[in-house]
>>> print(open('upload-v5.tsv').read())   # TSV, C-alpha atoms
chain	number	residue	atom	x	y	z
A	1	MET	CA	0.00	0.00	0.00
A	2	MET	CA	2.82	2.37	0.94
A	3	ARG	CA	4.59	1.59	-2.32
A	4	LEU	CA	1.43	2.41	-4.28
A	5	PHE	CA	1.14	5.68	-2.37
A	6	TRP	CA	4.66	6.75	-3.37
A	7	VAL	CA	4.11	5.75	-6.98
A	8	LEU	CA	0.98	7.88	-7.10
A	9	PHE	CA	2.75	10.74	-5.31
A	10	VAL	CA	5.64	10.77	-7.79
A	11	TRP	CA	3.23	10.56	-10.73
A	12	LEU	CA	1.17	13.49	-9.44
A	13	LEU	CA	4.31	15.50	-8.76
A	14	PHE	CA	5.54	14.89	-12.29
A	15	CYS	CA	2.20	15.86	-13.79
A	16	ALA	CA	2.12	19.05	-11.73
A	17	VAL	CA	5.40	20.29	-13.27
A	18	PRO	CA	4.54	22.47	-16.27
A	19	VAL	CA	6.09	21.41	-19.56
A	20	GLN	CA	8.45	24.12	-20.80
A	21	ALA	CA	7.51	25.47	-24.20
A	22	LYS	CA	10.15	24.83	-26.86
A	23	VAL	CA	11.48	26.84	-29.76
A	24	TYR	CA	12.12	25.16	-33.11
A	25	LEU	CA	14.48	27.24	-35.26
A	26	VAL	CA	15.48	26.67	-38.88
A	27	SER	CA	18.33	29.09	-39.62
A	28	VAL	CA	19.30	29.56	-43.28
A	29	GLY	CA	22.07	31.66	-44.79
A	30	ILE	CA	23.43	31.83	-48.32
A	31	ALA	CA	26.55	33.80	-49.21
A	32	ASP	CA	27.90	31.46	-51.90
A	33	TYR	CA	25.44	31.45	-54.79
A	34	PRO	CA	26.12	29.69	-58.12
A	35	GLY	CA	28.64	31.73	-60.08
A	36	LYS	CA	30.41	34.75	-58.62
A	37	GLU	CA	28.31	37.78	-59.49
A	38	ASN	CA	25.60	37.03	-56.92
A	39	ASP	CA	27.79	36.08	-53.97
A	40	LEU	CA	27.36	37.84	-50.64
A	41	ARG	CA	29.86	38.29	-47.84
A	42	VAL	CA	28.27	37.33	-44.55
A	43	SER	CA	24.87	35.69	-44.97
A	44	ASP	CA	26.15	32.20	-44.08
A	45	ASN	CA	27.70	33.67	-40.94
A	46	ASP	CA	24.39	35.36	-40.16
A	47	ALA	CA	22.61	32.00	-40.05
A	48	LYS	CA	25.30	30.47	-37.84
A	49	THR	CA	25.20	33.47	-35.50
A	50	ILE	CA	21.45	33.30	-34.93
A	51	ALA	CA	21.67	29.53	-34.51
A	52	LYS	CA	24.29	29.96	-31.75
A	53	VAL	CA	22.08	32.46	-29.92
A	54	PHE	CA	19.25	29.94	-29.62
A	55	GLN	CA	21.56	26.97	-29.01
A	56	ALA	CA	22.76	28.76	-25.88
A	57	THR	CA	19.26	28.49	-24.39
A	58	LYS	CA	17.89	25.29	-22.87
A	59	ASP	CA	14.61	25.12	-24.74
A	60	ALA	CA	15.62	25.33	-28.41
A	61	SER	CA	15.94	22.77	-31.19
A	62	VAL	CA	18.06	24.24	-34.00
A	63	SER	CA	18.61	23.25	-37.63
A	64	VAL	CA	21.10	25.12	-39.83
A	65	LEU	CA	21.39	25.25	-43.62
A	66	VAL	CA	24.12	27.28	-45.34
A	67	ASN	CA	25.15	27.91	-48.92
A	68	GLY	CA	24.74	24.83	-51.16
A	69	GLU	CA	22.68	23.05	-48.52
A	70	SER	CA	20.00	25.71	-48.84
A	71	THR	CA	18.04	24.52	-51.86
A	72	GLN	CA	14.32	25.06	-52.16
A	73	ALA	CA	13.61	21.38	-51.52
A	74	SER	CA	15.98	21.06	-48.55
A	75	LEU	CA	14.64	24.21	-46.88
A	76	LEU	CA	11.04	23.05	-47.16
A	77	SER	CA	11.97	19.52	-46.07
A	78	THR	CA	13.94	20.79	-43.06
A	79	MET	CA	11.09	23.07	-42.02
A	80	HIS	CA	8.62	20.22	-42.33
A	81	SER	CA	10.76	17.84	-40.24
A	82	ALA	CA	11.72	20.37	-37.57
A	83	PHE	CA	8.34	22.01	-37.15
A	84	ALA	CA	6.40	18.74	-37.14
A	85	ASN	CA	7.51	18.21	-33.53
A	86	ALA	CA	6.06	21.51	-32.31
A	87	GLN	CA	3.06	21.47	-30.01
A	88	SER	CA	0.49	24.20	-29.41
A	89	ASP	CA	2.51	26.06	-26.74
A	90	ASP	CA	5.71	26.03	-28.78
A	91	ALA	CA	7.26	28.52	-31.20
A	92	VAL	CA	8.63	27.87	-34.68
A	93	ILE	CA	11.05	30.31	-36.30
A	94	LEU	CA	12.41	30.51	-39.82
A	95	TYR	CA	15.44	32.80	-40.08
A	96	PHE	CA	16.78	33.57	-43.55
A	97	SER	CA	19.74	35.67	-44.67
A	98	GLY	CA	20.52	36.00	-48.34
A	99	HIS	CA	19.21	37.51	-51.54
A	100	GLY	CA	15.58	38.52	-51.73
A	101	THR	CA	13.27	39.61	-54.48
A	102	PRO	CA	9.82	41.18	-54.18
A	103	GLY	CA	7.69	38.23	-53.10
A	104	ALA	CA	10.39	35.60	-52.52
A	105	ILE	CA	13.65	34.62	-50.88
A	106	VAL	CA	16.40	33.34	-53.16
A	107	CYS	CA	17.59	29.85	-52.28
A	108	HIS	CA	20.76	28.32	-53.71
A	109	ASP	CA	18.86	26.93	-56.68
A	110	GLY	CA	16.18	29.54	-57.24
A	111	GLU	CA	13.40	31.56	-55.68
A	112	LEU	CA	11.10	30.27	-52.95
A	113	THR	CA	7.97	32.37	-52.66
A	114	TYR	CA	6.61	33.50	-49.35
A	115	GLN	CA	3.40	31.79	-50.40
A	116	HIS	CA	5.20	28.42	-50.22
A	117	ILE	CA	6.57	29.28	-46.79
A	118	PHE	CA	3.15	30.25	-45.47
A	119	GLN	CA	1.72	27.02	-46.87
A	120	MET	CA	4.37	25.04	-45.00
A	121	LEU	CA	3.51	26.83	-41.76
A	122	LYS	CA	-0.18	26.19	-42.23
A	123	GLY	CA	0.03	22.60	-40.99
A	124	CYS	CA	2.16	23.43	-37.95
A	125	LYS	CA	0.56	23.13	-34.49
A	126	ALA	CA	2.66	25.84	-32.84
A	127	SER	CA	0.79	28.89	-31.60
A	128	LYS	CA	3.80	31.13	-32.27
A	129	LYS	CA	4.97	31.25	-35.89
A	130	ILE	CA	7.79	33.63	-36.74
A	131	ILE	CA	9.60	34.50	-39.96
A	132	ILE	CA	12.73	36.64	-39.75
A	133	ALA	CA	14.16	37.66	-43.12
A	134	ASP	CA	17.41	39.56	-43.62
A	135	ALA	CA	17.13	40.13	-47.35
A	136	CYS	CA	16.71	42.96	-49.82
A	137	TYR	CA	13.10	44.00	-50.42
A	138	ALA	CA	12.02	41.79	-47.50
A	139	GLY	CA	9.20	44.19	-46.72
A	140	LYS	CA	7.46	43.07	-49.90
A	141	MET	CA	6.36	39.97	-47.96
A	142	ARG	CA	3.67	42.01	-46.26
A	143	THR	CA	2.20	43.84	-49.23
A	144	THR	CA	0.48	41.22	-51.38
A	145	ARG	CA	-3.21	40.81	-50.54
A	146	GLN	CA	-3.23	37.02	-50.91
A	147	GLN	CA	-0.12	36.59	-48.78
A	148	SER	CA	-1.45	39.03	-46.18
A	149	THR	CA	-4.61	36.96	-45.84
A	150	ASN	CA	-2.60	33.79	-45.30
A	151	TYR	CA	-0.33	35.03	-42.58
A	152	ASN	CA	-3.04	36.98	-40.79
A	153	SER	CA	-5.24	33.87	-40.64
A	154	GLN	CA	-2.31	31.86	-39.29
A	155	SER	CA	-1.09	34.46	-36.77
A	156	VAL	CA	2.42	34.64	-38.22
A	157	MET	CA	4.85	37.31	-37.04
A	158	LEU	CA	7.07	38.72	-39.77
A	159	PHE	CA	10.27	40.55	-38.79
A	160	LEU	CA	11.81	41.91	-41.97
A	161	SER	CA	15.14	43.66	-42.37
A	162	SER	CA	14.00	46.39	-44.75
A	163	ARG	CA	11.05	48.10	-46.35
A	164	THR	CA	9.61	47.02	-49.69
A	165	ASN	CA	11.87	49.28	-51.78
A	166	GLU	CA	15.04	49.04	-49.66
A	167	ARG	CA	18.19	46.97	-49.87
A	168	SER	CA	19.48	45.32	-46.70
A	169	LYS	CA	23.04	46.30	-45.95
A	170	GLU	CA	26.03	44.05	-45.44
A	171	THR	CA	28.93	45.31	-43.32
A	172	LYS	CA	32.70	44.88	-43.07
A	173	PHE	CA	32.09	42.79	-39.95
A	174	LYS	CA	31.03	39.13	-39.72
A	175	ASN	CA	27.30	39.87	-39.91
A	176	SER	CA	24.89	42.06	-41.85
A	177	LEU	CA	23.59	45.23	-40.26
A	178	PHE	CA	20.15	43.87	-39.36
A	179	THR	CA	21.55	40.64	-37.91
A	180	ILE	CA	24.13	42.51	-35.84
A	181	PHE	CA	21.34	44.27	-33.97
A	182	LEU	CA	19.12	41.19	-34.00
A	183	GLU	CA	21.82	39.18	-32.22
A	184	ARG	CA	22.47	41.96	-29.71
A	185	GLY	CA	18.77	42.26	-28.98
A	186	LEU	CA	18.22	38.51	-28.57
A	187	ARG	CA	21.23	38.19	-26.26
A	188	GLY	CA	19.73	40.69	-23.85
A	189	GLY	CA	20.18	44.14	-25.34
A	190	ALA	CA	16.44	44.37	-25.97
A	191	ASP	CA	15.46	43.22	-22.47
A	192	THR	CA	14.32	46.60	-21.22
A	193	ASN	CA	12.57	45.30	-18.08
A	194	LYS	CA	15.36	42.82	-17.22
A	195	ASP	CA	13.06	39.81	-16.86
A	196	ARG	CA	15.33	37.61	-19.04
A	197	GLN	CA	12.64	37.32	-21.71
A	198	ILE	CA	12.72	39.18	-25.00
A	199	THR	CA	9.28	40.03	-26.35
A	200	ALA	CA	8.33	40.93	-29.90
A	201	ARG	CA	7.90	44.60	-29.01
A	202	GLU	CA	11.20	44.79	-27.14
A	203	LEU	CA	13.06	43.16	-30.02
A	204	TYR	CA	11.48	45.39	-32.64
A	205	ASP	CA	12.15	48.60	-30.73
A	206	PHE	CA	15.81	47.70	-30.16
A	207	VAL	CA	16.60	46.47	-33.69
A	208	HIS	CA	14.58	49.15	-35.47
A	209	LYS	CA	16.31	51.98	-33.63
A	210	GLY	CA	19.79	50.49	-34.03
A	211	VAL	CA	19.52	49.77	-37.75
A	212	ILE	CA	18.04	53.17	-38.62
A	213	GLU	CA	20.80	54.99	-36.75
A	214	ALA	CA	23.62	52.81	-38.11
A	215	SER	CA	22.36	53.09	-41.71
A	216	ASP	CA	21.88	56.86	-41.57
A	217	ASN	CA	18.14	56.38	-42.03
A	218	ARG	CA	18.54	54.30	-45.23
A	219	GLN	CA	17.29	50.96	-43.88
A	220	HIS	CA	14.10	50.48	-41.86
A	221	PRO	CA	13.24	47.06	-40.37
A	222	VAL	CA	9.52	46.29	-40.22
A	223	MET	CA	7.47	43.92	-38.07
A	224	TRP	CA	4.10	42.79	-39.37
A	225	GLY	CA	1.40	40.17	-38.98
A	226	LYS	CA	-1.11	39.00	-36.41
A	227	PHE	CA	0.61	38.44	-33.07
A	228	ASN	CA	0.77	39.67	-29.49
A	229	ASN	CA	3.36	42.39	-28.86
A	230	ASP	CA	4.14	40.67	-25.54
A	231	MET	CA	4.87	37.33	-27.21
A	232	THR	CA	8.16	35.91	-25.96
A	233	ILE	CA	10.71	35.34	-28.71
A	234	ILE	CA	13.54	34.00	-26.54
A	235	LYS	CA	13.94	33.25	-22.86
A	236	TRP	CA	17.17	33.08	-20.87
>>> encode(input="upload-v5.tsv", output="structure tokens")
Amino acid sequence: MMRLFWVLFVWLLFCAVPVQAKVYLVSVGIADYPGKENDLRVSDNDAKTIAKVFQATKDASVSVLVNGESTQASLLSTMHSAFANAQSDDAVILYFSGHGTPGAIVCHDGELTYQHIFQMLKGCKASKKIIIADACYAGKMRTTRQQSTNYNSQSVMLFLSSRTNERSKETKFKNSLFTIFLERGLRGGADTNKDRQITARELYDFVHKGVIEASDNRQHPVMWGKFNNDMTIIKW
């Protein structure tokens, strides 16, 4: 009888412990495109940098694709595999650094439209769906009516490095301008209330201000979609 009591006690204790929400990140960066004329300097480093930020936390599962690994098929397949494990309380994040065109990101073997990305997210159970794009003309993601309907209905947060008509700037350092401030913000620079959690609003305010100042008002990050400003992006 006593043994049964302890078994029940341990079981109840285990059930009473809340399950920590997880973050599933797919981090993609392409600096080495086919040929030479389209190569970038730091986009592969950008993906590795953001991956390291989340790997330093205890609740993240991280997948990284760089350069030739980042084909259209492999990106979609990696997203499908990684995000399939997410439950309703979890967050899924796609980070991309590389070339962009109005309406698409440019993978190693061609363009992948935002429509395809939204379609992939549609079947995901996670309540928090986040796309972070460090690419030229990234702001175009939010301007097409059909795409807007899709991400609004799915409650997807879009954090984009530049406005529709702007190019996103590389730097002489190891990361692009947007990702420099994104990393700083995620590592605690954006934590204005010092609660060791970075919310969407905190991250936007920090990165937006930093990029505008550093670019002499030539690059303006935008955040768009249907989400709660107090949504936690990363927790330390």
>>> closest_residue(input="upload-v5.tsv", among="A:Ser168, A:Ser74, A:Ser155, A:Ser127", to="Ser88 of chain A", atoms="all atoms listed in the file")
A:Ser127
>>> residues_near_point(input="upload-v5.tsv", point="(5.4, 23.1, -52.2)", cutoff="9 Å", atoms="all atoms listed in the file", output="PyMOL selection string")
chain A and resi 73+76+116-117+119-120
>>> write_last_selection(input="upload-v5.tsv", atoms="C-alpha atoms", output="CSV table (one decimal), keeping the file's coordinate frame")
chain,number,residue,atom,x,y,z
A,73,ALA,CA,13.6,21.4,-51.5
A,76,LEU,CA,11.0,23.0,-47.2
A,116,HIS,CA,5.2,28.4,-50.2
A,117,ILE,CA,6.6,29.3,-46.8
A,119,GLN,CA,1.7,27.0,-46.9
A,120,MET,CA,4.4,25.0,-45.0
>>> closest_residue(input="upload-v5.tsv", among="A:Ala21, A:Cys107, A:Met231, A:Ala82", to="Pro34 of chain A", atoms="all atoms listed in the file")
A:Cys107
>>> residues_near_point(input="upload-v5.tsv", point="(8.7, 27.2, -25.3)", cutoff="8 Å", atoms="only C-alpha atoms", output="PyMOL selection string")
chain A and resi 20-23+59-60+89-91
>>> residues_around(input="upload-v5.tsv", residues="Ala190 of chain A", least_positions_apart="3", cutoff="9 Å", atoms="all atoms listed in the file", output="PyMOL selection string")
chain A and resi 184-187+193-194+198-199+202-207
>>> write_last_selection(input="upload-v5.tsv", atoms="C-alpha atoms", output="CSV table (one decimal), keeping the file's coordinate frame")
chain,number,residue,atom,x,y,z
A,184,ARG,CA,22.5,42.0,-29.7
A,185,GLY,CA,18.8,42.3,-29.0
A,186,LEU,CA,18.2,38.5,-28.6
A,187,ARG,CA,21.2,38.2,-26.3
A,193,ASN,CA,12.6,45.3,-18.1
A,194,LYS,CA,15.4,42.8,-17.2
A,198,ILE,CA,12.7,39.2,-25.0
A,199,THR,CA,9.3,40.0,-26.4
A,202,GLU,CA,11.2,44.8,-27.1
A,203,LEU,CA,13.1,43.2,-30.0
A,204,TYR,CA,11.5,45.4,-32.6
A,205,ASP,CA,12.2,48.6,-30.7
A,206,PHE,CA,15.8,47.7,-30.2
A,207,VAL,CA,16.6,46.5,-33.7
>>> closest_residue(input="upload-v5.tsv", among="A:Gly110, A:Ile105, A:Leu160, A:Leu65", to="Ser77 of chain A", atoms="all atoms listed in the file")
A:Leu65
>>> closest_residue(input="upload-v5.tsv", among="A:Gly188, A:Gly35, A:Pro102, A:Gly210", to="Ala135 of chain A", atoms="all atoms listed in the file")
A:Pro102
>>> atom_distance(input="upload-v5.tsv", atom1="atom CA of Gly29 of chain A", atom2="atom CA of Asp191 of chain A")
26.0 Å
